[in-house]
$ cat input07.cif   # mmCIF, C-alpha atoms
data_target
#
loop_
_atom_site.group_PDB
_atom_site.id
_atom_site.type_symbol
_atom_site.label_atom_id
_atom_site.label_comp_id
_atom_site.auth_asym_id
_atom_site.auth_seq_id
_atom_site.Cartn_x
_atom_site.Cartn_y
_atom_site.Cartn_z
ATOM 1 C CA MET A 1 30.085 -39.709 -13.523
ATOM 2 C CA LEU A 2 27.074 -38.714 -15.570
ATOM 3 C CA ILE A 3 29.288 -36.917 -18.022
ATOM 4 C CA ALA A 4 31.409 -40.034 -18.441
ATOM 5 C CA LEU A 5 28.345 -42.177 -19.064
ATOM 6 C CA ALA A 6 27.019 -39.747 -21.621
ATOM 7 C CA VAL A 7 30.279 -39.676 -23.508
ATOM 8 C CA ALA A 8 30.652 -43.446 -23.426
ATOM 9 C CA GLY A 9 27.147 -43.883 -24.813
ATOM 10 C CA GLY A 10 27.619 -41.196 -27.399
ATOM 11 C CA VAL A 11 24.495 -39.323 -26.321
ATOM 12 C CA ALA A 12 22.907 -38.086 -23.121
ATOM 13 C CA ALA A 13 19.614 -39.817 -23.854
ATOM 14 C CA PRO A 14 20.019 -42.704 -21.391
ATOM 15 C CA VAL A 15 20.441 -40.195 -18.592
ATOM 16 C CA ALA A 16 17.518 -38.090 -19.744
ATOM 17 C CA GLU A 17 15.287 -41.134 -19.918
ATOM 18 C CA ALA A 18 15.946 -41.763 -16.253
ATOM 19 C CA CYS A 19 14.421 -38.438 -15.377
ATOM 20 C CA ASP A 20 10.871 -38.757 -14.058
ATOM 21 C CA THR A 21 9.435 -35.408 -15.055
ATOM 22 C CA SER A 22 6.312 -36.026 -13.031
ATOM 23 C CA TYR A 23 8.639 -35.555 -10.079
ATOM 24 C CA TRP A 24 11.446 -33.395 -11.474
ATOM 25 C CA THR A 25 8.990 -30.801 -12.731
ATOM 26 C CA VAL A 26 11.589 -28.270 -13.895
ATOM 27 C CA GLY A 27 13.539 -31.052 -15.559
ATOM 28 C CA CYS A 28 16.864 -32.877 -15.578
ATOM 29 C CA GLN A 29 19.644 -31.622 -17.781
ATOM 30 C CA PHE A 30 23.176 -30.342 -18.006
ATOM 31 C CA TYR A 31 23.441 -26.745 -16.833
ATOM 32 C CA SER A 32 26.313 -24.705 -18.221
ATOM 33 C CA SER A 33 27.973 -22.234 -15.905
ATOM 34 C CA SER A 34 25.516 -19.420 -15.065
ATOM 35 C CA GLU A 35 22.585 -21.235 -16.656
ATOM 36 C CA GLY A 36 19.260 -21.435 -14.862
ATOM 37 C CA HIS A 37 15.775 -22.828 -15.444
ATOM 38 C CA THR A 38 12.526 -22.100 -13.642
ATOM 39 C CA ARG A 39 8.888 -23.052 -13.657
ATOM 40 C CA THR A 40 5.895 -20.916 -12.784
ATOM 41 C CA GLN A 41 4.495 -22.049 -9.480
ATOM 42 C CA LEU A 42 1.299 -24.049 -9.664
ATOM 43 C CA GLY A 43 -0.562 -21.679 -7.403
ATOM 44 C CA LEU A 44 -0.160 -19.689 -4.266
ATOM 45 C CA SER A 45 0.309 -21.738 -1.163
ATOM 46 C CA GLY A 46 1.683 -21.001 2.265
ATOM 47 C CA PHE A 47 4.902 -22.263 0.755
ATOM 48 C CA ASN A 48 6.133 -23.418 -2.610
ATOM 49 C CA SER A 49 9.101 -25.728 -2.611
ATOM 50 C CA THR A 50 12.114 -26.629 -4.695
ATOM 51 C CA HIS A 51 14.249 -29.761 -4.518
ATOM 52 C CA PHE A 52 17.433 -30.415 -6.429
ATOM 53 C CA THR A 53 20.283 -32.808 -6.864
ATOM 54 C CA PHE A 54 23.489 -32.226 -8.805
ATOM 55 C CA ASP A 55 26.643 -34.176 -9.294
ATOM 56 C CA THR A 56 29.762 -32.114 -9.772
ATOM 57 C CA PHE A 57 30.131 -29.254 -7.304
ATOM 58 C CA ALA A 58 29.621 -28.885 -3.563
ATOM 59 C CA ASN A 59 26.883 -26.276 -3.894
ATOM 60 C CA SER A 60 24.409 -24.979 -6.394
ATOM 61 C CA LYS A 61 21.561 -22.457 -6.354
ATOM 62 C CA MET A 62 17.831 -22.543 -6.058
ATOM 63 C CA ILE A 63 16.303 -19.366 -7.426
ATOM 64 C CA TRP A 64 13.143 -17.287 -7.206
ATOM 65 C CA THR A 65 12.239 -14.911 -10.044
ATOM 66 C CA THR A 66 9.403 -12.759 -11.267
ATOM 67 C CA ALA A 67 7.313 -13.935 -14.206
ATOM 68 C CA GLY A 68 9.646 -11.944 -16.436
ATOM 69 C CA GLY A 69 12.748 -13.648 -15.094
ATOM 70 C CA THR A 70 14.103 -10.938 -12.792
ATOM 71 C CA TRP A 71 15.696 -12.616 -9.834
ATOM 72 C CA LEU A 72 14.233 -11.992 -6.404
ATOM 73 C CA GLY A 73 16.294 -14.362 -4.345
ATOM 74 C CA ALA A 74 18.694 -17.275 -4.444
ATOM 75 C CA GLU A 75 19.716 -19.960 -1.989
ATOM 76 C CA ILE A 76 23.134 -21.609 -2.194
ATOM 77 C CA LEU A 77 22.755 -25.135 -0.858
ATOM 78 C CA PRO A 78 24.194 -28.659 -0.940
ATOM 79 C CA SER A 79 22.760 -31.314 -3.219
ATOM 80 C CA ASN A 80 19.552 -33.124 -2.283
ATOM 81 C CA THR A 81 18.118 -30.207 -0.330
ATOM 82 C CA TRP A 82 14.515 -29.035 -0.244
ATOM 83 C CA PHE A 83 13.823 -25.337 0.183
ATOM 84 C CA HIS A 84 10.410 -24.009 1.133
ATOM 85 C CA TRP A 85 9.737 -20.511 -0.217
ATOM 86 C CA HIS A 86 7.181 -18.021 0.907
ATOM 87 C CA THR A 87 5.906 -15.684 -1.785
ATOM 88 C CA GLY A 88 2.904 -13.501 -2.309
ATOM 89 C CA SER A 89 2.784 -13.356 -6.098
ATOM 90 C CA THR A 90 0.989 -16.007 -8.145
ATOM 91 C CA ASN A 91 3.165 -15.611 -11.221
ATOM 92 C CA ASP A 92 6.526 -15.977 -9.536
ATOM 93 C CA LYS A 93 8.840 -18.716 -10.711
ATOM 94 C CA PHE A 94 11.170 -21.090 -8.885
ATOM 95 C CA GLY A 95 13.934 -23.282 -10.156
ATOM 96 C CA CYS A 96 17.636 -24.008 -10.248
ATOM 97 C CA PHE A 97 20.779 -22.235 -11.377
ATOM 98 C CA ASN A 98 24.363 -23.346 -11.793
ATOM 99 C CA PRO A 99 26.660 -20.712 -10.260
ATOM 100 C CA ASN A 100 29.778 -22.830 -10.657
ATOM 101 C CA SER A 101 32.619 -22.513 -13.128
ATOM 102 C CA GLY A 102 31.780 -25.649 -15.081
ATOM 103 C CA THR A 103 28.871 -27.693 -16.403
ATOM 104 C CA GLU A 104 26.924 -29.916 -14.056
ATOM 105 C CA TRP A 105 23.942 -32.231 -14.286
ATOM 106 C CA VAL A 106 20.953 -30.932 -12.293
ATOM 107 C CA ASN A 107 17.667 -32.573 -11.387
ATOM 108 C CA CYS A 108 15.278 -29.782 -10.412
ATOM 109 C CA ARG A 109 11.755 -29.869 -8.982
ATOM 110 C CA GLU A 110 9.267 -27.144 -8.120
ATOM 111 C CA TYR A 111 5.947 -27.867 -6.481
ATOM 112 C CA LYS A 112 3.149 -26.376 -4.465
ATOM 113 C CA GLY A 113 3.213 -26.876 -0.733
ATOM 114 C CA TRP A 114 6.044 -27.797 1.568
ATOM 115 C CA GLY A 115 5.959 -31.540 2.037
ATOM 116 C CA ASN A 116 8.986 -33.521 0.967
ATOM 117 C CA THR A 117 7.068 -35.695 -1.475
ATOM 118 C CA MET B 118 9.922 -30.261 23.350
ATOM 119 C CA THR B 119 12.547 -27.593 23.505
ATOM 120 C CA LYS B 120 14.861 -29.895 25.435
ATOM 121 C CA ARG B 121 15.179 -31.819 22.206
ATOM 122 C CA TRP B 122 16.502 -28.751 20.475
ATOM 123 C CA ILE B 123 20.165 -28.083 20.908
ATOM 124 C CA ALA B 124 20.235 -24.676 19.354
ATOM 125 C CA ALA B 125 17.274 -22.882 17.936
ATOM 126 C CA VAL B 126 17.877 -19.925 15.746
ATOM 127 C CA ALA B 127 14.836 -19.094 13.761
ATOM 128 C CA GLY B 128 12.496 -17.380 16.115
ATOM 129 C CA ALA B 129 8.888 -17.617 15.199
ATOM 130 C CA VAL B 130 9.039 -20.888 13.322
ATOM 131 C CA VAL B 131 10.309 -22.940 16.222
ATOM 132 C CA VAL B 132 8.202 -21.137 18.786
ATOM 133 C CA ALA B 133 5.106 -21.772 16.697
ATOM 134 C CA ALA B 134 5.927 -25.464 16.437
ATOM 135 C CA GLY B 135 6.398 -25.678 20.167
ATOM 136 C CA ALA B 136 3.215 -23.809 20.911
ATOM 137 C CA MET B 137 1.214 -26.350 18.914
ATOM 138 C CA VAL B 138 2.206 -29.266 21.097
ATOM 139 C CA PRO B 139 -0.317 -28.781 23.931
ATOM 140 C CA PHE B 140 -3.170 -28.739 21.429
ATOM 141 C CA LEU B 141 -2.038 -31.883 19.677
ATOM 142 C CA LEU B 142 -1.514 -34.137 22.665
ATOM 143 C CA PRO B 143 -4.559 -36.324 23.450
ATOM 144 C CA GLY B 144 -6.314 -35.197 26.586
ATOM 145 C CA SER B 145 -4.205 -32.136 26.900
ATOM 146 C CA ALA B 146 -7.156 -29.795 27.374
ATOM 147 C CA GLY B 147 -7.583 -30.905 30.945
ATOM 148 C CA ALA B 148 -3.975 -31.658 31.638
ATOM 149 C CA ARG B 149 -1.657 -29.430 33.610
ATOM 150 C CA GLY B 150 1.587 -30.611 32.162
ATOM 151 C CA ARG B 151 4.653 -28.518 32.614
ATOM 152 C CA SER B 152 5.878 -26.853 29.475
ATOM 153 C CA ASP B 153 9.571 -26.302 28.971
ATOM 154 C CA ILE B 154 9.103 -24.104 25.930
ATOM 155 C CA VAL B 155 11.390 -21.090 26.020
ATOM 156 C CA ALA B 156 10.886 -18.002 23.899
ATOM 157 C CA LEU B 157 13.862 -17.717 21.616
ATOM 158 C CA ASN B 158 14.407 -14.060 22.364
ATOM 159 C CA ALA B 159 14.974 -15.089 25.982
ATOM 160 C CA ALA B 160 16.918 -18.262 25.294
ATOM 161 C CA PRO B 161 20.662 -18.503 25.923
ATOM 162 C CA ILE B 162 21.570 -18.463 22.252
ATOM 163 C CA PRO B 163 25.179 -17.739 21.259
ATOM 164 C CA PRO B 164 25.701 -14.189 19.938
ATOM 165 C CA PRO B 165 26.534 -15.229 16.358
ATOM 166 C CA PHE B 166 23.194 -16.980 16.100
ATOM 167 C CA LYS B 167 21.364 -14.034 17.645
ATOM 168 C CA ASP B 168 22.879 -11.909 14.910
ATOM 169 C CA GLY B 169 21.392 -14.406 12.507
ATOM 170 C CA ILE B 170 17.967 -14.047 14.061
ATOM 171 C CA ALA B 171 18.147 -10.272 13.759
ATOM 172 C CA SER B 172 18.863 -10.595 10.048
ATOM 173 C CA ARG B 173 16.341 -13.385 9.529
ATOM 174 C CA ALA B 174 18.924 -16.035 8.799
ATOM 175 C CA GLY B 175 20.187 -18.869 10.881
ATOM 176 C CA LEU B 176 20.265 -22.542 11.606
ATOM 177 C CA VAL B 177 18.133 -24.818 13.694
ATOM 178 C CA ILE B 178 19.836 -27.905 15.056
ATOM 179 C CA GLY B 179 17.850 -30.662 16.671
ATOM 180 C CA HIS B 180 18.028 -34.321 17.595
ATOM 181 C CA GLY B 181 16.743 -36.859 15.131
ATOM 182 C CA ARG B 182 16.306 -40.522 15.995
ATOM 183 C CA ALA B 183 19.888 -41.371 15.222
ATOM 184 C CA ALA B 184 21.668 -38.118 14.505
ATOM 185 C CA ASP B 185 21.684 -34.377 14.814
ATOM 186 C CA MET B 186 19.547 -32.626 12.253
ATOM 187 C CA VAL B 187 20.019 -29.202 10.725
ATOM 188 C CA ALA B 188 17.816 -26.791 8.784
ATOM 189 C CA PHE B 189 18.792 -23.439 7.284
ATOM 190 C CA PHE B 190 16.478 -20.468 7.744
ATOM 191 C CA THR B 191 16.768 -17.381 5.570
ATOM 192 C CA ALA B 192 14.761 -14.340 4.606
ATOM 193 C CA HIS B 193 12.761 -16.294 2.013
ATOM 194 C CA GLY B 194 12.013 -19.552 3.748
ATOM 195 C CA PHE B 195 13.797 -22.608 5.067
ATOM 196 C CA THR B 196 15.251 -25.975 4.113
ATOM 197 C CA ASN B 197 14.129 -29.396 5.202
ATOM 198 C CA PHE B 198 15.828 -30.879 8.232
ATOM 199 C CA ARG B 199 18.562 -33.347 7.359
ATOM 200 C CA ASP B 200 21.302 -35.251 9.109
ATOM 201 C CA VAL B 201 24.197 -32.859 9.722
ATOM 202 C CA ALA B 202 26.724 -35.391 8.458
ATOM 203 C CA ASP B 203 24.617 -35.958 5.343
ATOM 204 C CA ALA B 204 24.442 -32.225 4.686
ATOM 205 C CA ALA B 205 28.203 -31.957 5.195
ATOM 206 C CA GLN B 206 28.866 -34.801 2.700
ATOM 207 C CA GLY B 207 32.223 -35.523 4.273
ATOM 208 C CA ASP B 208 33.527 -32.016 3.712
ATOM 209 C CA GLU B 209 35.335 -30.008 6.333
ATOM 210 C CA LEU B 210 33.300 -26.938 5.465
ATOM 211 C CA THR B 211 29.741 -26.815 4.150
ATOM 212 C CA ILE B 212 28.308 -23.509 3.053
ATOM 213 C CA GLY B 213 24.714 -22.439 2.758
ATOM 214 C CA ALA B 214 23.867 -18.913 1.730
ATOM 215 C CA SER B 215 20.984 -16.708 0.778
ATOM 216 C CA ILE B 216 21.266 -13.657 -1.436
ATOM 217 C CA GLN B 217 18.810 -10.942 -2.349
ATOM 218 C CA PRO B 218 19.041 -8.224 -5.015
ATOM 219 C CA ASP B 219 19.542 -4.526 -4.557
ATOM 220 C CA ALA B 220 17.555 -1.956 -6.521
ATOM 221 C CA HIS B 221 19.757 -2.464 -9.594
ATOM 222 C CA GLY B 222 19.564 -6.253 -9.718
ATOM 223 C CA ASP B 223 23.008 -6.805 -8.280
ATOM 224 C CA THR B 224 23.520 -8.739 -5.082
ATOM 225 C CA GLY B 225 22.565 -6.445 -2.227
ATOM 226 C CA HIS B 226 22.334 -8.722 0.776
ATOM 227 C CA VAL B 227 24.218 -11.870 1.743
ATOM 228 C CA GLN B 228 23.414 -14.283 4.532
ATOM 229 C CA LEU B 229 26.046 -16.962 4.995
ATOM 230 C CA LEU B 230 25.542 -20.139 7.006
ATOM 231 C CA GLY B 231 28.377 -22.561 7.680
ATOM 232 C CA ILE B 232 28.880 -26.064 9.036
ATOM 233 C CA ALA B 233 32.404 -27.039 10.076
ATOM 234 C CA ALA B 234 33.586 -30.608 10.690
ATOM 235 C CA PRO B 235 34.442 -31.746 14.220
ATOM 236 C CA ASP B 236 38.198 -31.350 13.736
ATOM 237 C CA VAL B 237 37.898 -27.713 12.654
ATOM 238 C CA ALA B 238 39.152 -25.225 15.233
ATOM 239 C CA ARG B 239 39.032 -21.955 13.336
ATOM 240 C CA ALA B 240 37.135 -20.452 10.418
ATOM 241 C CA THR B 241 37.871 -17.248 8.544
ATOM 242 C CA LEU B 242 36.274 -15.241 5.779
ATOM 243 C CA GLU B 243 38.053 -13.138 3.201
ATOM 244 C CA LEU B 244 35.988 -10.077 2.369
ATOM 245 C CA ARG B 245 35.838 -8.071 -0.850
ATOM 246 C CA SER B 246 37.648 -5.271 0.901
ATOM 247 C CA GLY B 247 40.603 -7.575 1.379
ATOM 248 C CA ALA B 248 40.027 -7.845 5.089
ATOM 249 C CA MET B 249 40.220 -11.223 6.829
ATOM 250 C CA LEU B 250 37.605 -11.956 9.440
ATOM 251 C CA ASP B 251 37.509 -14.688 12.081
ATOM 252 C CA VAL B 252 34.003 -16.045 12.508
ATOM 253 C CA GLU B 253 32.887 -17.519 15.785
ATOM 254 C CA LEU B 254 32.310 -21.261 15.624
ATOM 255 C CA VAL B 255 29.561 -22.533 17.883
ATOM 256 C CA LYS B 256 29.592 -26.217 18.809
ATOM 257 C CA ALA B 257 26.147 -27.768 18.898
ATOM 258 C CA GLY B 258 24.878 -31.303 18.918
ATOM 259 C CA SER B 259 26.489 -34.590 19.794
ATOM 260 C CA ALA B 260 28.537 -35.209 16.658
ATOM 261 C CA GLY B 261 31.052 -32.431 17.216
ATOM 262 C CA TYR B 262 30.115 -30.185 14.319
ATOM 263 C CA SER B 263 30.253 -26.439 14.751
ATOM 264 C CA PHE B 264 28.264 -23.736 13.026
ATOM 265 C CA PHE B 265 28.534 -20.081 12.107
ATOM 266 C CA THR B 266 26.578 -17.295 10.466
ATOM 267 C CA TYR B 267 27.671 -14.121 8.716
ATOM 268 C CA VAL B 268 25.497 -11.359 7.287
ATOM 269 C CA SER B 269 26.290 -8.328 5.153
ATOM 270 C CA ASP B 270 24.359 -5.769 3.130
ATOM 271 C CA ASP B 271 27.448 -3.845 2.135
ATOM 272 C CA PRO B 272 29.235 -5.140 -0.990
ATOM 273 C CA VAL B 273 32.589 -4.142 0.480
ATOM 274 C CA THR B 274 32.104 -6.683 3.243
ATOM 275 C CA PHE B 275 30.629 -9.483 1.132
ATOM 276 C CA PRO B 276 32.546 -12.724 1.743
ATOM 277 C CA THR B 277 34.669 -13.978 -1.141
ATOM 278 C CA VAL B 278 36.477 -16.993 0.336
ATOM 279 C CA ALA B 279 35.861 -19.123 3.424
ATOM 280 C CA HIS B 280 38.649 -21.104 5.105
ATOM 281 C CA VAL B 281 38.671 -23.642 7.920
ATOM 282 C CA PHE B 282 41.702 -24.755 9.926
ATOM 283 C CA ASP B 283 42.520 -27.610 12.267
ATOM 284 C CA PRO B 284 43.850 -27.057 15.817
ATOM 285 C CA ALA B 285 47.443 -26.994 14.521
ATOM 286 C CA GLY B 286 46.581 -24.147 12.184
ATOM 287 C CA ALA B 287 46.674 -26.170 8.992
ATOM 288 C CA GLU B 288 44.062 -25.217 6.428
ATOM 289 C CA ARG B 289 41.626 -28.078 5.916
ATOM 290 C CA GLN B 290 39.396 -26.575 3.234
ATOM 291 C CA ARG B 291 38.676 -23.364 1.387
ATOM 292 C CA GLU B 292 35.548 -22.401 -0.486
ATOM 293 C CA ASP B 293 35.496 -19.693 -3.120
ATOM 294 C CA LEU B 294 32.252 -17.806 -2.571
ATOM 295 C CA ALA B 295 32.431 -15.261 -5.377
ATOM 296 C CA SER B 296 30.293 -17.245 -7.803
ATOM 297 C CA ALA B 297 27.923 -18.293 -5.038
ATOM 298 C CA ILE B 298 26.998 -14.727 -4.178
ATOM 299 C CA ALA B 299 26.920 -13.467 -7.758
ATOM 300 C CA PRO B 300 23.408 -12.603 -9.021
ATOM 301 C CA PRO B 301 21.680 -15.316 -11.102
ATOM 302 C CA LYS B 302 20.907 -13.464 -14.330
ATOM 303 C CA ASN B 303 20.736 -16.037 -17.135
ATOM 304 C CA VAL B 304 17.429 -17.724 -16.402
ATOM 305 C CA SER B 305 14.894 -19.154 -18.803
#
$ encode --input "input07.cif" --output "structure tokens"
Amino acid sequence: MLIALAVAGGVAAPVAEACDTSYWTVGCQFYSSSEGHTRTQLGLSGFNSTHFTFDTFANSKMIWTTAGGTWLGAEILPSNTWFHWHTGSTNDKFGCFNPNSGTEWVNCREYKGWGNT
Amino acid sequence: MTKRWIAAVAGAVVVAAGAMVPFLLPGSAGARGRSDIVALNAAPIPPPFKDGIASRAGLVIGHGRAADMVAFFTAHGFTNFRDVADAAQGDELTIGASIQPDAHGDTGHVQLLGIAAPDVARATLELRSGAMLDVELVKAGSAGYSFFTYVSDDPVTFPTVAHVFDPAGAERQREDLASAIAPPKNVS
């Protein structure tokens, strides 16, 4: 659906403008197959959380990496899921990754704590 | 509190939540209310879920106001609770999974969590070895959904495809898992 809108409008800008980056802190964008984006956590908490939505496939991945980008874990989950991570390293990163065979639009959020807001 | 839980499969987290209740209820310090909290290691939990506990992965299913709720628990953390039907999104088979790396950065450990629709009677996994494995479906909750877990730390037995079938043996859905359990290596 989002792809169709972007093509009809000639650009993806209208979709991007709908992204509230104060909420979707990692961002909102098309992810090619095997593309991922992360954000350094804001600080150590009991938990740090990720939330994502996507529009094309049944599942996608939330990921946990070192500061250098080496993956430490991944969760394969349905859209509109929150995952609450426990980590002991301040510089770790969390974000989203598209494991599927095609491009999909992903809204991805990382934040300190484990509330849903 | 535990009577509200249909199946509890994440050990310490649920027990800790239950243990907090007496301290949160007004006037509870002097009360002698009966607790029906049951330690999960002593609870009558189906064997597939106990396997999940042992590997630090599983599902917790509870009653919400209007529907059954489910949360996934894995080695790294846990998801929010959500309506089982909402999580399933109308699919016959919904997969959740957690993967962790081995020493070389390849996938070294897989924890698979599944939700099957009410009309599903059988679920199978194809493994990398070529073997086909029946997984035990456990009915829980009032909406008829069933659940399963599968864990492997041996690449030969990593799941590659999941199938679910109706009572007549007709396949209702298949999920290719190869990309899901592949290591995420292109991250910025």
$ residues_around --input "input07.cif" --residues "Ser101 in chain A" --least-positions-apart "3" --cutoff "9 Å" --atoms "all atoms listed in the file" --output "PyMOL selection string"
(chain A and resi 32-34+98) or (chain B and resi 296)
$ atom_distance --input "input07.cif" --atom1 "CA of Ile63 in chain A" --atom2 "CA of Thr87 in chain A"
12.4 Å
$ resolve_selection --input "input07.cif" --expression "the PyMOL selection byres ((chain A) within 6 of (chain B))" --output "ChimeraX atom specification"
/A:35-37,73-77,82-86,99
$ atom_distance --input "input07.cif" --atom1 "CA of Gly27 in chain A" --atom2 "CA of Phe47 in chain A"
20.4 Å
$ closest_residue --input "input07.cif" --among "A:Asn107, A:Asn100, A:Ala67, A:Phe94" --to "Asn48 in chain A" --atoms "only C-alpha atoms"
A:Phe94
$ closest_residue --input "input07.cif" --among "A:Thr90, A:Gln29, A:Thr81, A:Thr21" --to "Thr65 in chain A" --atoms "all atoms listed in the file"
A:Thr90
$ resolve_selection --input "input07.cif" --expression "the PyMOL selection byres ((chain B and resi 239) around 6)" --output "VMD selection string"
chain B and resid 237 to 238 240 281 to 282
